[in-house]
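Below is one structure, written out as structure tokens; comments come after it.
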Amino acid sequence: MVTGAALSDAAALREEAWRVAGAVVDPEIPVLSIADLGVLRDVTISDGRVEVVITPTYSGCPAMNMIALEIELALDKAGLGPVSVKTVLSPAWTTDFMSEDGRRKLKDYGIAPPAKTAGRRALFGVEVVECPQCGSSDTVEIAPFGSTSCKSLWQCRACREPFDYFKCH
Amino acid sequence: MATTSITVRETPLVRYLLRRADDALILGHRLSEWCGHAPTMEEEMALANMGLDLIGQARSLYTYAAEVEGEGHCEDDFAYLRGERSYGNLLLVEQPNGDFARTMARQLVYSAFIHPYWRALMASPDATLSAIAAKAEKESAYHVRHCAEWLIRLGDGTRESHARAQAAVDHLWPFTGELFEADADEKGLVAEGVVPDPESLRGAWMQTVSAVLAEATLALPPNGWMQKGGREGRHSEHLGPLLTELQYLQRTFPGATW
């Protein structure tokens, strides 16, 4: 039997755990939190214990283990631990999960955000990527696989600066 | 006492998952062998990235196999504690890297098959299989595109690069027949509608491969003798040395962890 008070405690705990877990940043792109990325899927409370549900961006993303550890540490530090972190695969993450705020932060950081819709056309058609430095669309792909699996390397023909593009996925 | 080998309780689904995971792990390992040796910095990144995608896919499949098997094994046990004869990967993926053209040709013929395969598997009523496939298909799509671009550049390049690209395709062709095979266990899963029949992807595969070869001015090899045996654990002489390297640490220091 769950009392009214216990229920509201659980709701408050969930909200706080969500806030703390959501603030954990991607170790490879430290301007993005896992809430911005859409990697944080759910937070559940059972018997006062927190379970955080996350989803990987890519099958082999090496940041996932690090993120799970950071979540445990952050919740523990906030006095909400011990916590368990569960990884789910469905529905599959796509760049469409990234928040507007996340896209803006990426651009400010110098990484071109993913083209809006992660469809077939975006994957195989000609992509138009705006230079995050000067805003020009006169850009060219240098390498389809960049410094991390989520990015490709581009160069702007207008300002000549090379830049990373967060691939549409 | 930590063990140096495990016995897998094989059901048709466990066997199927291990076979597909083995393909991804072994090919991912082969690509990682290019680290420090790739022709350019950008290609070094690309090969490592593709290798990472494949090893990630292998991890998802091994983890699911452990769950289905229910014997307390984990992904690492399947990778590190099985011998050569227990591995059921395609002979294609264990073939050595050779020159850059051979690596790209190997990656193209595999990716051109596995991309439509993952797409078909997304329709599986098995929710975990469908979820693994949904992640993997996008990664494989990038691999097809990347390898196709390279093979076209090499085939339609200099006389030397053309000759080496053609030699690579000709050399690997006898290993492509195995892509479309299904053993009795897998046929059962196909009949139940859990997984797609690999044979049904032959048309899509041929279409991609022949279009790329045509643009690369490379000749499609004639359909001759096809090698097989990988799915049953009968491997070429190349898998043993690869596993020796991959499993060295666990076999030398059983149970070692970071």
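By convention here, the chains of the structure tokens are called A, B, ... in the order presented, each chain's residues are numbered starting at 1, and ligands are numbered starting at 1 in the order presented.
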
Fewer than 4 positions away in the same chain doesn't count, so skip those; otherwise give me all residues within 7 Å of region 166-175 of chain B, counting only C-alpha atoms, as a PyMOL selection string.
chain B and resi 91-92+101-102+105-106+162+218+221+225-227

Give me, as a ChimeraX atom specification, the contact residues of chain A against chain B at a cut-off of 10 Å, counting only C-alpha atoms.
/A:56-62,88-94,118,120,123-124,142-150,152-153,168-169

Restricted to N, CA, C and O atoms, what would the selected residues look like written as a compact mmCIF listing (two decimals), in the first residue's frame?
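And here's part-v2.txt as it stands now:
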```txt
# COMPACT_ATOMS: atom_id res chain seq x y z
N PRO A 56 22.25 3.84 -26.02
CA PRO A 56 23.49 4.22 -26.70
C PRO A 56 23.22 4.98 -28.00
O PRO A 56 22.23 4.71 -28.69
N THR A 57 24.10 5.92 -28.31
CA THR A 57 23.96 6.65 -29.57
C THR A 57 24.37 5.74 -30.72
O THR A 57 23.69 5.66 -31.73
N TYR A 58 25.51 5.04 -30.54
CA TYR A 58 26.02 4.11 -31.55
C TYR A 58 26.32 2.79 -30.84
O TYR A 58 26.67 2.80 -29.67
N SER A 59 26.25 1.68 -31.57
CA SER A 59 26.50 0.36 -30.96
C SER A 59 27.84 0.34 -30.24
O SER A 59 27.96 -0.20 -29.16
N GLY A 60 28.85 0.94 -30.87
CA GLY A 60 30.20 0.83 -30.30
C GLY A 60 30.66 2.10 -29.62
O GLY A 60 31.85 2.30 -29.46
N CYS A 61 29.73 2.97 -29.23
CA CYS A 61 30.13 4.25 -28.65
C CYS A 61 30.91 4.02 -27.35
O CYS A 61 30.37 3.49 -26.38
N PRO A 62 32.20 4.37 -27.32
CA PRO A 62 33.01 4.10 -26.12
C PRO A 62 32.65 5.01 -24.96
O PRO A 62 33.10 4.79 -23.84
N VAL A 88 18.98 0.45 -22.68
CA VAL A 88 17.97 -0.12 -23.58
C VAL A 88 18.32 0.26 -25.02
O VAL A 88 18.93 1.29 -25.27
N LEU A 89 17.92 -0.61 -25.94
CA LEU A 89 18.25 -0.36 -27.36
C LEU A 89 17.05 0.15 -28.16
O LEU A 89 17.20 0.69 -29.24
N SER A 90 15.86 -0.07 -27.62
CA SER A 90 14.67 0.28 -28.40
C SER A 90 13.85 1.35 -27.67
O SER A 90 13.66 1.24 -26.47
N PRO A 91 13.33 2.36 -28.36
CA PRO A 91 13.57 2.63 -29.78
C PRO A 91 14.99 3.14 -30.01
O PRO A 91 15.55 3.80 -29.14
N ALA A 92 15.54 2.80 -31.17
CA ALA A 92 16.92 3.16 -31.48
C ALA A 92 17.10 4.67 -31.48
O ALA A 92 16.27 5.40 -32.00
N TRP A 93 18.22 5.08 -30.88
CA TRP A 93 18.53 6.51 -30.82
C TRP A 93 18.75 7.04 -32.24
O TRP A 93 19.36 6.39 -33.07
N THR A 94 18.28 8.24 -32.49
CA THR A 94 18.63 8.92 -33.73
C THR A 94 18.98 10.36 -33.35
O THR A 94 18.65 10.82 -32.26
N ALA A 118 16.72 12.60 -39.65
CA ALA A 118 17.63 11.49 -39.90
C ALA A 118 17.00 10.48 -40.86
O ALA A 118 16.73 9.35 -40.51
N ARG A 120 16.58 8.59 -44.90
CA ARG A 120 17.42 7.96 -45.91
C ARG A 120 18.12 9.00 -46.77
O ARG A 120 19.25 8.87 -47.16
N LEU A 123 21.12 10.51 -45.44
CA LEU A 123 22.25 9.60 -45.38
C LEU A 123 22.94 9.44 -46.73
O LEU A 123 24.14 9.36 -46.82
N PHE A 124 22.16 9.40 -47.81
CA PHE A 124 22.78 9.12 -49.10
C PHE A 124 22.69 10.25 -50.11
O PHE A 124 23.34 10.21 -51.13
N ILE A 142 35.64 16.46 -45.91
CA ILE A 142 37.02 15.99 -46.08
C ILE A 142 37.10 14.50 -45.76
O ILE A 142 37.75 13.74 -46.46
N ALA A 143 36.45 14.09 -44.68
CA ALA A 143 36.47 12.67 -44.28
C ALA A 143 35.14 12.32 -43.62
O ALA A 143 34.68 13.06 -42.76
N PRO A 144 34.54 11.20 -44.06
CA PRO A 144 33.23 10.83 -43.51
C PRO A 144 33.29 10.30 -42.07
O PRO A 144 32.28 10.19 -41.41
N PHE A 145 34.47 9.93 -41.62
CA PHE A 145 34.60 9.45 -40.24
C PHE A 145 35.58 10.38 -39.53
O PHE A 145 36.74 10.48 -39.93
N GLY A 146 35.09 11.07 -38.50
CA GLY A 146 35.91 12.08 -37.84
C GLY A 146 36.56 11.57 -36.58
O GLY A 146 36.82 10.38 -36.42
N SER A 147 36.82 12.51 -35.66
CA SER A 147 37.55 12.18 -34.44
C SER A 147 36.78 11.23 -33.53
O SER A 147 37.36 10.52 -32.73
N THR A 148 35.44 11.20 -33.66
CA THR A 148 34.64 10.20 -32.96
C THR A 148 33.64 9.66 -33.97
O THR A 148 33.42 10.27 -35.01
N SER A 149 33.03 8.51 -33.65
CA SER A 149 32.16 7.88 -34.65
C SER A 149 30.93 8.71 -34.98
O SER A 149 30.29 8.50 -36.01
N CYS A 150 30.56 9.67 -34.13
CA CYS A 150 29.37 10.46 -34.43
C CYS A 150 29.66 11.65 -35.34
O CYS A 150 28.74 12.33 -35.77
N SER A 152 31.82 13.74 -38.67
CA SER A 152 32.63 13.70 -39.87
C SER A 152 33.38 15.03 -39.95
O SER A 152 33.02 16.00 -39.28
N LEU A 153 34.44 15.04 -40.78
CA LEU A 153 35.29 16.23 -40.86
C LEU A 153 35.00 17.01 -42.13
O LEU A 153 35.00 16.44 -43.22
N CYS A 168 24.27 13.04 -39.28
CA CYS A 168 22.88 12.66 -39.21
C CYS A 168 22.81 11.14 -39.05
O CYS A 168 23.46 10.42 -39.80
N HIS A 169 22.08 10.65 -38.08
CA HIS A 169 22.12 9.21 -37.80
C HIS A 169 20.76 8.68 -37.41
O HIS A 169 20.08 9.29 -36.61
```

Among B:Asp183, B:Glu178, B:Glu160, B:Asp197, Val109 (chain B) is approached most closely, using only C-alpha atoms, by B:Glu178

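The space between CA of Leu106 (chain A) and CA of Val31 (chain A) spans 7.0 Å.
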
For the alpha helix (DSSP H) assignment from backbone DSSP, which residues of region 27-58 of chain B qualify? Please present them as a VMD selection string.
chain B and resid 27 to 32 41 to 58

If we count only C-alpha atoms and set the cut-off at 7 Å, which residues sit around region 70-72 of chain A, ignoring sequence neighbours fewer than 5 positions away in its own chain? Please answer as a VMD selection string.
chain A and resid 21 24 83

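For the pair CA of Thr7 (chain B) and CA of Glu84 (chain B), the separation is 13.1 Å.
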
Provide the CA of Thr244 (chain B) to CA of His29 (chain B) distance in Å, to one decimal place.
12.0 Å

Residues at most 9 Å from Phe100 (chain B), counting only C-alpha atoms, excluding those fewer than 2 positions away in the same chain, as a list in words?
Ala38, Pro39, Asn97, Gly98, Arg102, Thr103, Met104, Ala105 and Ala165 of chain B

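Each of B:Lys228, B:Arg153, B:Arg251, B:Lys187 was compared to Val212 (chain B) using only C-alpha atoms, and B:Arg153 turns out to be the nearest.
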
Neighbours of region 97-102 of chain A within 12 Å (only C-alpha atoms; same-chain residues fewer than 2 positions away dropped), as number ranges by chain?
A: 25-26, 29-41, 55-57, 91-95, 104-109, 111-118, 166, 168-169

Would you save the residues from that selection as a short mmCIF file (atom, residue, chain, number, x, y, z; two decimals), in the first residue's frame, using N, CA, C and O atoms?
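Okay, part.cif is ready:
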```cif
data_model
loop_
_atom_site.label_atom_id
_atom_site.label_comp_id
_atom_site.auth_asym_id
_atom_site.auth_seq_id
_atom_site.Cartn_x
_atom_site.Cartn_y
_atom_site.Cartn_z
N VAL A 25 27.52 15.05 -18.55
CA VAL A 25 27.88 15.43 -19.92
C VAL A 25 28.51 14.28 -20.70
O VAL A 25 29.06 13.35 -20.11
N ASP A 26 28.40 14.37 -22.01
CA ASP A 26 29.06 13.43 -22.90
C ASP A 26 30.56 13.69 -22.80
O ASP A 26 31.01 14.80 -23.07
N ILE A 29 31.93 15.19 -26.03
CA ILE A 29 31.43 16.52 -26.42
C ILE A 29 30.91 17.18 -25.15
O ILE A 29 29.71 17.20 -24.88
N PRO A 30 31.82 17.71 -24.34
CA PRO A 30 31.45 18.15 -22.99
C PRO A 30 30.46 19.32 -22.91
O PRO A 30 30.03 19.65 -21.82
N VAL A 31 30.08 19.91 -24.04
CA VAL A 31 29.04 20.95 -23.95
C VAL A 31 27.65 20.33 -23.96
O VAL A 31 26.67 21.01 -23.69
N LEU A 32 27.56 19.06 -24.31
CA LEU A 32 26.25 18.42 -24.37
C LEU A 32 26.00 17.54 -23.16
O LEU A 32 26.84 16.69 -22.82
N SER A 33 24.83 17.73 -22.53
CA SER A 33 24.47 16.83 -21.44
C SER A 33 23.73 15.65 -22.05
O SER A 33 23.30 15.70 -23.21
N ILE A 34 23.57 14.59 -21.27
CA ILE A 34 22.88 13.42 -21.82
C ILE A 34 21.39 13.70 -21.99
O ILE A 34 20.71 13.04 -22.75
N ALA A 35 20.90 14.75 -21.29
CA ALA A 35 19.51 15.17 -21.53
C ALA A 35 19.41 15.86 -22.89
O ALA A 35 18.48 15.60 -23.66
N ASP A 36 20.40 16.71 -23.21
CA ASP A 36 20.42 17.38 -24.52
C ASP A 36 20.47 16.35 -25.65
O ASP A 36 19.83 16.51 -26.69
N LEU A 37 21.28 15.32 -25.45
CA LEU A 37 21.48 14.31 -26.49
C LEU A 37 20.28 13.39 -26.68
O LEU A 37 20.12 12.78 -27.73
N GLY A 38 19.47 13.28 -25.63
CA GLY A 38 18.36 12.32 -25.70
C GLY A 38 18.82 10.92 -25.32
O GLY A 38 18.16 9.93 -25.62
N VAL A 39 19.99 10.84 -24.67
CA VAL A 39 20.52 9.54 -24.23
C VAL A 39 19.81 9.08 -22.94
O VAL A 39 19.61 7.90 -22.70
N LEU A 40 19.40 10.06 -22.12
CA LEU A 40 18.66 9.73 -20.89
C LEU A 40 17.21 9.42 -21.28
O LEU A 40 16.50 10.27 -21.79
N ARG A 41 16.80 8.17 -21.04
CA ARG A 41 15.48 7.76 -21.47
C ARG A 41 14.44 7.80 -20.36
O ARG A 41 13.30 8.17 -20.56
N THR A 55 20.18 5.08 -23.40
CA THR A 55 20.26 4.37 -24.69
C THR A 55 21.54 4.79 -25.40
O THR A 55 21.93 5.96 -25.35
N PRO A 56 22.25 3.84 -26.02
CA PRO A 56 23.49 4.22 -26.70
C PRO A 56 23.22 4.98 -28.00
O PRO A 56 22.23 4.71 -28.69
N THR A 57 24.10 5.92 -28.31
CA THR A 57 23.96 6.65 -29.57
C THR A 57 24.37 5.74 -30.72
O THR A 57 23.69 5.66 -31.73
N PRO A 91 13.33 2.36 -28.36
CA PRO A 91 13.57 2.63 -29.78
C PRO A 91 14.99 3.14 -30.01
O PRO A 91 15.55 3.80 -29.14
N ALA A 92 15.54 2.80 -31.17
CA ALA A 92 16.92 3.16 -31.48
C ALA A 92 17.10 4.67 -31.48
O ALA A 92 16.27 5.40 -32.00
N TRP A 93 18.22 5.08 -30.88
CA TRP A 93 18.53 6.51 -30.82
C TRP A 93 18.75 7.04 -32.24
O TRP A 93 19.36 6.39 -33.07
N THR A 94 18.28 8.24 -32.49
CA THR A 94 18.63 8.92 -33.73
C THR A 94 18.98 10.36 -33.35
O THR A 94 18.65 10.82 -32.26
N THR A 95 19.60 11.07 -34.30
CA THR A 95 19.97 12.45 -34.02
C THR A 95 18.73 13.33 -33.84
O THR A 95 18.83 14.44 -33.32
N ARG A 104 21.87 24.07 -30.55
CA ARG A 104 22.42 25.41 -30.42
C ARG A 104 23.79 25.36 -29.72
O ARG A 104 24.76 25.97 -30.15
N LYS A 105 23.84 24.57 -28.63
CA LYS A 105 25.10 24.45 -27.88
C LYS A 105 26.21 23.86 -28.75
O LYS A 105 27.36 24.30 -28.68
N LEU A 106 25.85 22.87 -29.57
CA LEU A 106 26.83 22.25 -30.47
C LEU A 106 27.42 23.28 -31.41
O LEU A 106 28.63 23.36 -31.60
N LYS A 107 26.52 24.08 -32.01
CA LYS A 107 26.94 25.08 -33.00
C LYS A 107 27.85 26.12 -32.35
O LYS A 107 28.89 26.48 -32.90
N ASP A 108 27.45 26.56 -31.14
CA ASP A 108 28.27 27.55 -30.42
C ASP A 108 29.66 26.98 -30.10
O ASP A 108 30.64 27.71 -30.00
N TYR A 109 29.71 25.66 -29.94
CA TYR A 109 30.96 24.98 -29.59
C TYR A 109 31.85 24.79 -30.83
O TYR A 109 33.01 24.44 -30.72
N ILE A 111 30.77 22.83 -33.59
CA ILE A 111 30.41 21.59 -34.29
C ILE A 111 29.09 21.83 -35.00
O ILE A 111 28.11 22.25 -34.37
N ALA A 112 29.06 21.57 -36.32
CA ALA A 112 27.80 21.74 -37.05
C ALA A 112 26.79 20.70 -36.58
O ALA A 112 27.10 19.50 -36.53
N PRO A 113 25.59 21.14 -36.16
CA PRO A 113 24.59 20.18 -35.67
C PRO A 113 24.05 19.31 -36.80
O PRO A 113 24.15 19.68 -37.98
N PRO A 114 23.50 18.12 -36.47
CA PRO A 114 23.01 17.21 -37.51
C PRO A 114 21.87 17.82 -38.32
O PRO A 114 21.07 18.58 -37.77
N ALA A 115 21.82 17.48 -39.59
CA ALA A 115 20.71 17.91 -40.44
C ALA A 115 19.43 17.43 -39.77
O ALA A 115 19.39 16.37 -39.16
N LYS A 116 18.40 18.20 -39.91
CA LYS A 116 17.21 18.06 -39.06
C LYS A 116 16.60 16.65 -39.00
O LYS A 116 16.32 16.14 -37.93
N THR A 117 16.40 16.03 -40.14
CA THR A 117 15.73 14.74 -40.10
C THR A 117 16.66 13.62 -40.52
O THR A 117 17.29 13.69 -41.57
N ALA A 118 16.72 12.60 -39.65
CA ALA A 118 17.63 11.49 -39.90
C ALA A 118 17.00 10.48 -40.86
O ALA A 118 16.73 9.35 -40.51
N PHE A 166 28.32 16.88 -36.76
CA PHE A 166 27.67 15.78 -36.04
C PHE A 166 26.78 15.08 -37.04
O PHE A 166 25.77 15.61 -37.46
N CYS A 168 24.27 13.04 -39.28
CA CYS A 168 22.88 12.66 -39.21
C CYS A 168 22.81 11.14 -39.05
O CYS A 168 23.46 10.42 -39.80
N HIS A 169 22.08 10.65 -38.08
CA HIS A 169 22.12 9.21 -37.80
C HIS A 169 20.76 8.68 -37.41
O HIS A 169 20.08 9.29 -36.61
#
```

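These are the residues of region 69-113 of chain A assigned strand (DSSP E) by DSSP from backbone coordinates: Val83, Ser84, Val85, Lys86, Thr87, Ile111 and Ala112 of chain A.
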
Output C-alpha atoms for every residue in that selection, as a compact mmCIF listing (two decimals), in the first residue's frame.
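After the write, again.txt holds the following:
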```txt
# COMPACT_ATOMS: atom_id res chain seq x y z
CA VAL A 83 21.75 3.66 -8.28
CA SER A 84 21.53 1.16 -11.12
CA VAL A 85 21.97 2.12 -14.73
CA LYS A 86 20.18 0.12 -17.39
CA THR A 87 20.83 0.32 -21.12
CA ILE A 111 30.41 21.59 -34.29
CA ALA A 112 27.80 21.74 -37.05
```
